[in-house]
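work08.tsv follows (TSV, N, CA and C atoms):
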```
chain	number	residue	atom	x	y	z
C	1	MET	N	-2.51	32.71	-7.37
C	1	MET	CA	-1.25	33.41	-7.33
C	1	MET	C	-0.32	32.80	-6.28
C	2	LYS	N	-0.92	32.38	-5.14
C	2	LYS	CA	-0.13	31.78	-4.08
C	2	LYS	C	0.54	30.49	-4.55
C	3	ASN	N	-0.23	29.68	-5.30
C	3	ASN	CA	0.32	28.42	-5.80
C	3	ASN	C	1.48	28.68	-6.75
C	4	THR	N	1.36	29.71	-7.59
C	4	THR	CA	2.42	30.06	-8.52
C	4	THR	C	3.66	30.48	-7.74
C	5	LEU	N	3.46	31.27	-6.72
C	5	LEU	CA	4.58	31.74	-5.90
C	5	LEU	C	5.27	30.57	-5.20
C	6	ILE	N	4.49	29.68	-4.62
C	6	ILE	CA	5.05	28.52	-3.93
C	6	ILE	C	5.81	27.64	-4.91
C	7	LEU	N	5.22	27.40	-6.07
C	7	LEU	CA	5.88	26.58	-7.08
C	7	LEU	C	7.17	27.24	-7.55
C	8	THR	N	7.12	28.54	-7.77
C	8	THR	CA	8.31	29.26	-8.21
C	8	THR	C	9.42	29.18	-7.16
C	9	LEU	N	9.05	29.37	-5.90
C	9	LEU	CA	10.05	29.29	-4.83
C	9	LEU	C	10.66	27.89	-4.74
C	10	ALA	N	9.82	26.88	-4.93
C	10	ALA	CA	10.33	25.51	-4.90
C	10	ALA	C	11.31	25.27	-6.05
C	11	VAL	N	10.97	25.78	-7.23
C	11	VAL	CA	11.85	25.64	-8.39
C	11	VAL	C	13.16	26.38	-8.13
C	12	LEU	N	13.07	27.56	-7.55
C	12	LEU	CA	14.28	28.33	-7.23
C	12	LEU	C	15.17	27.56	-6.26
C	13	ALA	N	14.57	26.98	-5.25
C	13	ALA	CA	15.35	26.25	-4.25
C	13	ALA	C	16.06	25.06	-4.90
C	14	LEU	N	15.38	24.40	-5.83
C	14	LEU	CA	15.98	23.23	-6.48
C	14	LEU	C	16.97	23.61	-7.55
C	15	SER	N	16.76	24.79	-8.18
C	15	SER	CA	17.61	25.15	-9.31
C	15	SER	C	18.91	25.81	-8.88
C	16	THR	N	19.08	26.14	-7.63
C	16	THR	CA	20.33	26.76	-7.21
C	16	THR	C	21.51	25.86	-7.47
C	17	GLY	N	21.28	24.59	-7.38
C	17	GLY	CA	22.34	23.64	-7.68
C	17	GLY	C	23.46	23.62	-6.67
C	18	TYR	N	23.25	24.29	-5.59
C	18	TYR	CA	24.28	24.32	-4.57
C	18	TYR	C	24.07	23.18	-3.59
C	19	ALA	N	25.12	22.47	-3.28
C	19	ALA	CA	25.06	21.42	-2.28
C	19	ALA	C	25.27	22.09	-0.93
C	20	VAL	N	24.31	21.97	-0.06
C	20	VAL	CA	24.43	22.57	1.26
C	20	VAL	C	24.89	21.47	2.22
C	21	ALA	N	26.18	21.23	2.14
C	21	ALA	CA	26.77	20.18	2.97
C	21	ALA	C	28.18	20.60	3.34
C	22	GLN	N	28.77	19.92	4.27
C	22	GLN	CA	30.13	20.26	4.67
C	22	GLN	C	30.95	19.02	4.90
C	23	GLU	N	32.26	19.16	4.81
C	23	GLU	CA	33.18	18.09	5.13
C	23	GLU	C	34.25	18.68	6.02
C	24	ALA	N	34.62	17.95	7.02
C	24	ALA	CA	35.71	18.40	7.88
C	24	ALA	C	37.00	17.82	7.33
C	25	GLN	N	37.96	18.67	7.03
C	25	GLN	CA	39.27	18.22	6.58
C	25	GLN	C	40.25	18.62	7.66
C	26	SER	N	41.02	17.67	8.12
C	26	SER	CA	41.86	17.84	9.30
C	26	SER	C	40.91	18.16	10.44
C	27	GLU	N	41.18	19.23	11.14
C	27	GLU	CA	40.26	19.66	12.18
C	27	GLU	C	39.57	20.94	11.78
C	28	GLU	N	39.83	21.38	10.56
C	28	GLU	CA	39.29	22.65	10.09
C	28	GLU	C	38.13	22.39	9.15
C	29	LYS	N	37.05	23.15	9.28
C	29	LYS	CA	35.92	23.02	8.37
C	29	LYS	C	36.20	23.83	7.12
C	30	ARG	N	36.02	23.20	5.98
C	30	ARG	CA	36.21	23.90	4.71
C	30	ARG	C	34.92	23.81	3.92
C	31	PRO	N	34.48	24.91	3.34
C	31	PRO	CA	33.22	24.88	2.58
C	31	PRO	C	33.36	24.09	1.29
C	32	HIS	N	32.28	23.47	0.88
C	32	HIS	CA	32.20	22.80	-0.41
C	32	HIS	C	32.42	23.87	-1.48
C	33	LYS	N	32.97	23.50	-2.59
C	33	LYS	CA	33.30	24.45	-3.66
C	33	LYS	C	32.12	25.37	-4.00
C	34	GLY	N	30.91	24.84	-4.09
C	34	GLY	CA	29.75	25.63	-4.48
C	34	GLY	C	29.14	26.45	-3.36
C	35	MET	N	29.67	26.33	-2.15
C	35	MET	CA	29.07	27.02	-1.01
C	35	MET	C	29.62	28.43	-0.81
C	36	GLY	N	30.62	28.81	-1.56
C	36	GLY	CA	31.28	30.09	-1.36
C	36	GLY	C	30.33	31.28	-1.30
C	37	LYS	N	29.40	31.35	-2.22
C	37	LYS	CA	28.46	32.48	-2.25
C	37	LYS	C	27.47	32.42	-1.09
C	38	LEU	N	27.18	31.23	-0.61
C	38	LEU	CA	26.18	31.08	0.44
C	38	LEU	C	26.76	31.31	1.83
C	39	ASP	N	28.00	30.92	2.03
C	39	ASP	CA	28.64	31.03	3.34
C	39	ASP	C	29.12	32.46	3.55
C	40	LEU	N	28.21	33.33	3.96
C	40	LEU	CA	28.51	34.76	4.03
C	40	LEU	C	29.56	35.12	5.07
C	41	ASN	N	29.61	34.40	6.18
C	41	ASN	CA	30.58	34.75	7.22
C	41	ASN	C	31.85	33.90	7.16
C	42	GLY	N	31.94	32.99	6.19
C	42	GLY	CA	33.15	32.22	5.98
C	42	GLY	C	33.48	31.21	7.05
C	43	ASP	N	32.48	30.75	7.80
C	43	ASP	CA	32.76	29.79	8.88
C	43	ASP	C	32.75	28.33	8.42
C	44	GLY	N	32.55	28.10	7.12
C	44	GLY	CA	32.59	26.74	6.59
C	44	GLY	C	31.26	26.02	6.59
C	45	VAL	N	30.21	26.67	7.08
C	45	VAL	CA	28.87	26.09	7.06
C	45	VAL	C	27.88	27.15	6.57
C	46	VAL	N	26.76	26.69	6.05
C	46	VAL	CA	25.72	27.60	5.60
C	46	VAL	C	24.56	27.50	6.57
C	47	SER	N	24.31	28.61	7.25
C	47	SER	CA	23.20	28.65	8.20
C	47	SER	C	21.89	28.87	7.44
C	48	LYS	N	20.80	28.65	8.13
C	48	LYS	CA	19.49	28.88	7.53
C	48	LYS	C	19.36	30.34	7.10
C	49	SER	N	19.82	31.26	7.93
C	49	SER	CA	19.70	32.69	7.59
C	49	SER	C	20.55	33.03	6.36
C	50	GLU	N	21.73	32.42	6.23
C	50	GLU	CA	22.56	32.65	5.05
C	50	GLU	C	21.88	32.10	3.80
C	51	PHE	N	21.32	30.91	3.92
C	51	PHE	CA	20.63	30.29	2.79
C	51	PHE	C	19.43	31.14	2.37
C	52	LEU	N	18.65	31.59	3.34
C	52	LEU	CA	17.47	32.39	3.03
C	52	LEU	C	17.85	33.76	2.47
C	53	ALA	N	18.97	34.32	2.92
C	53	ALA	CA	19.43	35.60	2.37
C	53	ALA	C	19.73	35.45	0.88
C	54	HIS	N	20.34	34.32	0.52
C	54	HIS	CA	20.63	34.05	-0.89
C	54	HIS	C	19.33	33.89	-1.68
C	55	ALA	N	18.37	33.18	-1.11
C	55	ALA	CA	17.08	32.98	-1.77
C	55	ALA	C	16.37	34.33	-1.96
C	56	GLU	N	16.43	35.21	-0.96
C	56	GLU	CA	15.83	36.54	-1.06
C	56	GLU	C	16.46	37.33	-2.20
C	57	GLU	N	17.78	37.24	-2.30
C	57	GLU	CA	18.50	37.96	-3.36
C	57	GLU	C	18.06	37.46	-4.74
C	58	ARG	N	17.99	36.14	-4.89
C	58	ARG	CA	17.56	35.56	-6.17
C	58	ARG	C	16.11	35.95	-6.48
C	59	PHE	N	15.26	35.92	-5.45
C	59	PHE	CA	13.86	36.30	-5.65
C	59	PHE	C	13.78	37.73	-6.15
C	60	SER	N	14.54	38.62	-5.53
C	60	SER	CA	14.52	40.04	-5.91
C	60	SER	C	14.97	40.25	-7.35
C	61	LYS	N	15.95	39.45	-7.79
C	61	LYS	CA	16.42	39.57	-9.17
C	61	LYS	C	15.35	39.14	-10.16
C	62	ILE	N	14.55	38.17	-9.78
C	62	ILE	CA	13.50	37.67	-10.67
C	62	ILE	C	12.28	38.60	-10.65
C	63	ASP	N	11.98	39.16	-9.48
C	63	ASP	CA	10.83	40.06	-9.31
C	63	ASP	C	11.20	41.44	-9.86
C	64	LYS	N	11.23	41.56	-11.18
C	64	LYS	CA	11.71	42.77	-11.85
C	64	LYS	C	10.93	44.02	-11.48
C	65	ASP	N	9.63	43.89	-11.26
C	65	ASP	CA	8.83	45.09	-10.96
C	65	ASP	C	8.76	45.40	-9.46
C	66	GLY	N	9.40	44.58	-8.65
C	66	GLY	CA	9.47	44.84	-7.21
C	66	GLY	C	8.15	44.72	-6.48
C	67	SER	N	7.22	43.96	-7.03
C	67	SER	CA	5.88	43.84	-6.45
C	67	SER	C	5.84	42.89	-5.25
C	68	GLY	N	6.88	42.10	-5.08
C	68	GLY	CA	6.87	41.10	-4.02
C	68	GLY	C	6.26	39.79	-4.47
C	69	ASP	N	5.88	39.73	-5.72
C	69	ASP	CA	5.34	38.52	-6.34
C	69	ASP	C	6.09	38.28	-7.64
C	70	ILE	N	6.23	37.02	-8.00
C	70	ILE	CA	6.82	36.68	-9.29
C	70	ILE	C	5.68	36.31	-10.23
C	71	SER	N	5.51	37.14	-11.25
C	71	SER	CA	4.45	36.89	-12.22
C	71	SER	C	4.87	35.75	-13.15
C	72	LYS	N	3.92	35.27	-13.90
C	72	LYS	CA	4.19	34.20	-14.86
C	72	LYS	C	5.25	34.67	-15.86
C	73	ASP	N	5.12	35.90	-16.34
C	73	ASP	CA	6.09	36.44	-17.30
C	73	ASP	C	7.48	36.56	-16.68
C	74	GLU	N	7.55	37.03	-15.44
C	74	GLU	CA	8.84	37.14	-14.76
C	74	GLU	C	9.47	35.76	-14.58
C	75	GLY	N	8.65	34.78	-14.24
C	75	GLY	CA	9.13	33.42	-14.08
C	75	GLY	C	9.66	32.85	-15.39
C	76	LYS	N	8.92	33.10	-16.47
C	76	LYS	CA	9.36	32.62	-17.79
C	76	LYS	C	10.67	33.29	-18.21
C	77	THR	N	10.76	34.59	-17.97
C	77	THR	CA	11.98	35.32	-18.31
C	77	THR	C	13.17	34.78	-17.54
C	78	ALA	N	12.99	34.54	-16.24
C	78	ALA	CA	14.08	34.01	-15.41
C	78	ALA	C	14.47	32.62	-15.89
C	79	HIS	N	13.49	31.81	-16.24
C	79	HIS	CA	13.76	30.45	-16.71
C	79	HIS	C	14.56	30.49	-18.02
C	80	LYS	N	14.16	31.37	-18.94
C	80	LYS	CA	14.89	31.49	-20.20
C	80	LYS	C	16.33	31.93	-19.96
C	81	ALA	N	16.51	32.87	-19.05
C	81	ALA	CA	17.86	33.35	-18.73
C	81	ALA	C	18.70	32.24	-18.13
C	82	MET	N	18.10	31.45	-17.26
C	82	MET	CA	18.82	30.33	-16.64
C	82	MET	C	19.23	29.32	-17.70
C	83	ARG	N	18.32	29.00	-18.62
C	83	ARG	CA	18.64	28.05	-19.68
C	83	ARG	C	19.75	28.58	-20.58
C	84	ALA	N	19.74	29.89	-20.86
C	84	ALA	CA	20.78	30.49	-21.70
C	84	ALA	C	22.13	30.40	-21.01
C	85	ARG	N	22.16	30.67	-19.68
C	85	ARG	CA	23.42	30.57	-18.93
C	85	ARG	C	23.93	29.13	-18.94
C	86	LYS	N	23.01	28.19	-18.77
C	86	LYS	CA	23.41	26.77	-18.76
C	86	LYS	C	23.94	26.36	-20.13
C	87	LYS	N	23.28	26.81	-21.20
C	87	LYS	CA	23.73	26.48	-22.55
C	87	LYS	C	25.12	27.04	-22.80
C	88	GLU	N	25.36	28.28	-22.39
C	88	GLU	CA	26.68	28.89	-22.56
C	88	GLU	C	27.73	28.12	-21.77
C	89	PHE	N	27.40	27.75	-20.53
C	89	PHE	CA	28.31	26.97	-19.70
C	89	PHE	C	28.67	25.66	-20.38
C	90	MET	N	27.66	24.96	-20.90
C	90	MET	CA	27.89	23.66	-21.52
C	90	MET	C	28.73	23.80	-22.79
C	91	GLU	N	28.50	24.87	-23.56
C	91	GLU	CA	29.29	25.09	-24.77
C	91	GLU	C	30.76	25.35	-24.42
C	92	LYS	N	30.99	26.16	-23.39
C	92	LYS	CA	32.36	26.44	-22.97
C	92	LYS	C	33.03	25.17	-22.44
C	93	ARG	N	32.27	24.37	-21.72
C	93	ARG	CA	32.80	23.12	-21.18
C	93	ARG	C	33.20	22.18	-22.32
C	94	LYS	N	32.33	22.06	-23.32
C	94	LYS	CA	32.63	21.20	-24.46
C	94	LYS	C	33.86	21.70	-25.20
C	95	GLU	N	33.96	23.03	-25.36
C	95	GLU	CA	35.12	23.61	-26.03
C	95	GLU	C	36.40	23.28	-25.27
C	96	ARG	N	36.37	23.39	-23.95
C	96	ARG	CA	37.55	23.05	-23.15
C	96	ARG	C	37.93	21.58	-23.33
C	97	GLN	N	36.91	20.71	-23.34
C	97	GLN	CA	37.17	19.28	-23.50
C	97	GLN	C	37.73	18.98	-24.88
C	98	ASP	N	37.20	19.66	-25.90
C	98	ASP	CA	37.67	19.45	-27.27
C	98	ASP	C	39.11	19.93	-27.46
C	99	ASN	N	39.51	20.93	-26.68
C	99	ASN	CA	40.85	21.50	-26.82
C	99	ASN	C	41.90	20.82	-25.96
C	100	ARG	N	41.48	19.84	-25.16
C	100	ARG	CA	42.46	19.11	-24.37
C	100	ARG	C	43.33	18.25	-25.26
C	101	PRO	N	44.61	18.15	-24.92
C	101	PRO	CA	45.48	17.28	-25.72
C	101	PRO	C	45.06	15.81	-25.57
C	102	ASP	N	45.22	15.07	-26.63
C	102	ASP	CA	44.88	13.65	-26.62
C	102	ASP	C	45.94	12.90	-25.84
C	103	ARG	N	45.57	12.27	-24.77
C	103	ARG	CA	46.53	11.58	-23.90
C	103	ARG	C	46.64	10.09	-24.24
C	104	SER	N	45.86	9.62	-25.21
C	104	SER	CA	45.90	8.19	-25.53
C	104	SER	C	47.25	7.80	-26.15
C	105	SER	N	47.92	8.72	-26.82
C	105	SER	CA	49.21	8.40	-27.44
C	105	SER	C	50.34	8.36	-26.41
C	106	GLU	N	50.13	8.93	-25.22
C	106	GLU	CA	51.17	8.93	-24.19
C	106	GLU	C	51.44	7.56	-23.63
C	107	SER	N	50.47	6.67	-23.64
C	107	SER	CA	50.64	5.34	-23.04
C	107	SER	C	51.42	4.39	-23.94
C	108	GLU	N	51.70	4.78	-25.16
C	108	GLU	CA	52.43	3.90	-26.10
C	108	GLU	C	53.91	3.98	-25.89
```

Would you give me this structure, written as structure tokens?
Amino acid sequence: MKNTLILTLAVLALSTGYAVAQEAQSEEKRPHKGMGKLDLNGDGVVSKSEFLAHAEERFSKIDKDGSGDISKDEGKTAHKAMRARKKEFMEKRKERQDNRPDRSSESE
């Protein structure tokens, strides 16, 4: 069970897709576009405690029965939900790209 939990946590950490990095623009720190949810205090950086708070929240959403462990079924359910969200995102993205005006005729 411990190995399953460790593996699940590793997958969760990798699947967040958030870049935990920062860039200084001018003299002001601005968060990366994907850091908004992680940067809880809005200081432009993600601290370890902010990152772990997000991981705790995600873990709780997956641990449907509140046991403190993610079962194989809970993991599979979360994975299916993630894939469905990604599929929907990709379909919407493709639709937006298909609906863009053709700019190749503008150069003539």

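CA of Thr4 (chain C) sits 7.8 Å away from CA of Lys72 (chain C).
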
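Atom C of Gly75 (chain C) to atom C of Asp63 (chain C) spans 10.3 Å [interatomic distance, one decimal].
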
| query | How many Å lie between atom N of Ala84 (chain C) and atom C of Ser47 (chain C), rounded to one decimal? | reply |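 These two atoms are separated by 28.4 Å.
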
| task | Determine, counting all atoms listed in the file, which protein, DNA and RNA residues have an atom within 8 Å of an atom of Leu40 (chain C); residues of the same chain fewer than 6 positions away are not included. Present the result as a list in words. | result | Val46, Ser47, Glu50 and Phe51 of chain C

| request: Taking the chain letters and numbering used in this document, name the residues of region 28-107 of chain C that DSSP puts in alpha helix (DSSP H), as an NGL selection string. | output: :C and (48-62 or 72-98)

Could the residues in this selection be written to a file with N, CA and C atoms, as a compact mmCIF listing (two decimals), in the coordinates of the input?
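Output file again38.txt is given in full below:
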```txt
# COMPACT_ATOMS: atom_id res chain seq x y z
N LYS C 48 20.80 28.65 8.13
CA LYS C 48 19.49 28.88 7.53
C LYS C 48 19.36 30.34 7.10
N SER C 49 19.82 31.26 7.93
CA SER C 49 19.70 32.69 7.59
C SER C 49 20.55 33.03 6.36
N GLU C 50 21.73 32.42 6.23
CA GLU C 50 22.56 32.65 5.05
C GLU C 50 21.88 32.10 3.80
N PHE C 51 21.32 30.91 3.92
CA PHE C 51 20.63 30.29 2.79
C PHE C 51 19.43 31.14 2.37
N LEU C 52 18.65 31.59 3.34
CA LEU C 52 17.47 32.39 3.03
C LEU C 52 17.85 33.76 2.47
N ALA C 53 18.97 34.32 2.92
CA ALA C 53 19.43 35.60 2.37
C ALA C 53 19.73 35.45 0.88
N HIS C 54 20.34 34.32 0.52
CA HIS C 54 20.63 34.05 -0.89
C HIS C 54 19.33 33.89 -1.68
N ALA C 55 18.37 33.18 -1.11
CA ALA C 55 17.08 32.98 -1.77
C ALA C 55 16.37 34.33 -1.96
N GLU C 56 16.43 35.21 -0.96
CA GLU C 56 15.83 36.54 -1.06
C GLU C 56 16.46 37.33 -2.20
N GLU C 57 17.78 37.24 -2.30
CA GLU C 57 18.50 37.96 -3.36
C GLU C 57 18.06 37.46 -4.74
N ARG C 58 17.99 36.14 -4.89
CA ARG C 58 17.56 35.56 -6.17
C ARG C 58 16.11 35.95 -6.48
N PHE C 59 15.26 35.92 -5.45
CA PHE C 59 13.86 36.30 -5.65
C PHE C 59 13.78 37.73 -6.15
N SER C 60 14.54 38.62 -5.53
CA SER C 60 14.52 40.04 -5.91
C SER C 60 14.97 40.25 -7.35
N LYS C 61 15.95 39.45 -7.79
CA LYS C 61 16.42 39.57 -9.17
C LYS C 61 15.35 39.14 -10.16
N ILE C 62 14.55 38.17 -9.78
CA ILE C 62 13.50 37.67 -10.67
C ILE C 62 12.28 38.60 -10.65
N LYS C 72 3.92 35.27 -13.90
CA LYS C 72 4.19 34.20 -14.86
C LYS C 72 5.25 34.67 -15.86
N ASP C 73 5.12 35.90 -16.34
CA ASP C 73 6.09 36.44 -17.30
C ASP C 73 7.48 36.56 -16.68
N GLU C 74 7.55 37.03 -15.44
CA GLU C 74 8.84 37.14 -14.76
C GLU C 74 9.47 35.76 -14.58
N GLY C 75 8.65 34.78 -14.24
CA GLY C 75 9.13 33.42 -14.08
C GLY C 75 9.66 32.85 -15.39
N LYS C 76 8.92 33.10 -16.47
CA LYS C 76 9.36 32.62 -17.79
C LYS C 76 10.67 33.29 -18.21
N THR C 77 10.76 34.59 -17.97
CA THR C 77 11.98 35.32 -18.31
C THR C 77 13.17 34.78 -17.54
N ALA C 78 12.99 34.54 -16.24
CA ALA C 78 14.08 34.01 -15.41
C ALA C 78 14.47 32.62 -15.89
N HIS C 79 13.49 31.81 -16.24
CA HIS C 79 13.76 30.45 -16.71
C HIS C 79 14.56 30.49 -18.02
N LYS C 80 14.16 31.37 -18.94
CA LYS C 80 14.89 31.49 -20.20
C LYS C 80 16.33 31.93 -19.96
N ALA C 81 16.51 32.87 -19.05
CA ALA C 81 17.86 33.35 -18.73
C ALA C 81 18.70 32.24 -18.13
N MET C 82 18.10 31.45 -17.26
CA MET C 82 18.82 30.33 -16.64
C MET C 82 19.23 29.32 -17.70
N ARG C 83 18.32 29.00 -18.62
CA ARG C 83 18.64 28.05 -19.68
C ARG C 83 19.75 28.58 -20.58
N ALA C 84 19.74 29.89 -20.86
CA ALA C 84 20.78 30.49 -21.70
C ALA C 84 22.13 30.40 -21.01
N ARG C 85 22.16 30.67 -19.68
CA ARG C 85 23.42 30.57 -18.93
C ARG C 85 23.93 29.13 -18.94
N LYS C 86 23.01 28.19 -18.77
CA LYS C 86 23.41 26.77 -18.76
C LYS C 86 23.94 26.36 -20.13
N LYS C 87 23.28 26.81 -21.20
CA LYS C 87 23.73 26.48 -22.55
C LYS C 87 25.12 27.04 -22.80
N GLU C 88 25.36 28.28 -22.39
CA GLU C 88 26.68 28.89 -22.56
C GLU C 88 27.73 28.12 -21.77
N PHE C 89 27.40 27.75 -20.53
CA PHE C 89 28.31 26.97 -19.70
C PHE C 89 28.67 25.66 -20.38
N MET C 90 27.66 24.96 -20.90
CA MET C 90 27.89 23.66 -21.52
C MET C 90 28.73 23.80 -22.79
N GLU C 91 28.50 24.87 -23.56
CA GLU C 91 29.29 25.09 -24.77
C GLU C 91 30.76 25.35 -24.42
N LYS C 92 30.99 26.16 -23.39
CA LYS C 92 32.36 26.44 -22.97
C LYS C 92 33.03 25.17 -22.44
N ARG C 93 32.27 24.37 -21.72
CA ARG C 93 32.80 23.12 -21.18
C ARG C 93 33.20 22.18 -22.32
N LYS C 94 32.33 22.06 -23.32
CA LYS C 94 32.63 21.20 -24.46
C LYS C 94 33.86 21.70 -25.20
N GLU C 95 33.96 23.03 -25.36
CA GLU C 95 35.12 23.61 -26.03
C GLU C 95 36.40 23.28 -25.27
N ARG C 96 36.37 23.39 -23.95
CA ARG C 96 37.55 23.05 -23.15
C ARG C 96 37.93 21.58 -23.33
N GLN C 97 36.91 20.71 -23.34
CA GLN C 97 37.17 19.28 -23.50
C GLN C 97 37.73 18.98 -24.88
N ASP C 98 37.20 19.66 -25.90
CA ASP C 98 37.67 19.45 -27.27
C ASP C 98 39.11 19.93 -27.46
```

| task | Write out as an MDAnalysis selection string each polymer residue whose atoms come within 6.5 Å of Ile62 (chain C), counting all atoms listed in the file; drop sequence neighbours fewer than 4 positions from it. | result | chainID C and resid 57:58 70 74:75 78

Export N, CA and C atoms of the chosen residues as an mmCIF file, keeping the file's coordinate frame?
```cif
data_model
loop_
_atom_site.group_PDB
_atom_site.id
_atom_site.type_symbol
_atom_site.label_atom_id
_atom_site.label_comp_id
_atom_site.auth_asym_id
_atom_site.auth_seq_id
_atom_site.Cartn_x
_atom_site.Cartn_y
_atom_site.Cartn_z
ATOM 1 N N GLU C 57 17.780 37.240 -2.300
ATOM 2 C CA GLU C 57 18.500 37.960 -3.360
ATOM 3 C C GLU C 57 18.060 37.460 -4.740
ATOM 4 N N ARG C 58 17.990 36.140 -4.890
ATOM 5 C CA ARG C 58 17.560 35.560 -6.170
ATOM 6 C C ARG C 58 16.110 35.950 -6.480
ATOM 7 N N ILE C 70 6.230 37.020 -8.000
ATOM 8 C CA ILE C 70 6.820 36.680 -9.290
ATOM 9 C C ILE C 70 5.680 36.310 -10.230
ATOM 10 N N GLU C 74 7.550 37.030 -15.440
ATOM 11 C CA GLU C 74 8.840 37.140 -14.760
ATOM 12 C C GLU C 74 9.470 35.760 -14.580
ATOM 13 N N GLY C 75 8.650 34.780 -14.240
ATOM 14 C CA GLY C 75 9.130 33.420 -14.080
ATOM 15 C C GLY C 75 9.660 32.850 -15.390
ATOM 16 N N ALA C 78 12.990 34.540 -16.240
ATOM 17 C CA ALA C 78 14.080 34.010 -15.410
ATOM 18 C C ALA C 78 14.470 32.620 -15.890
#
```
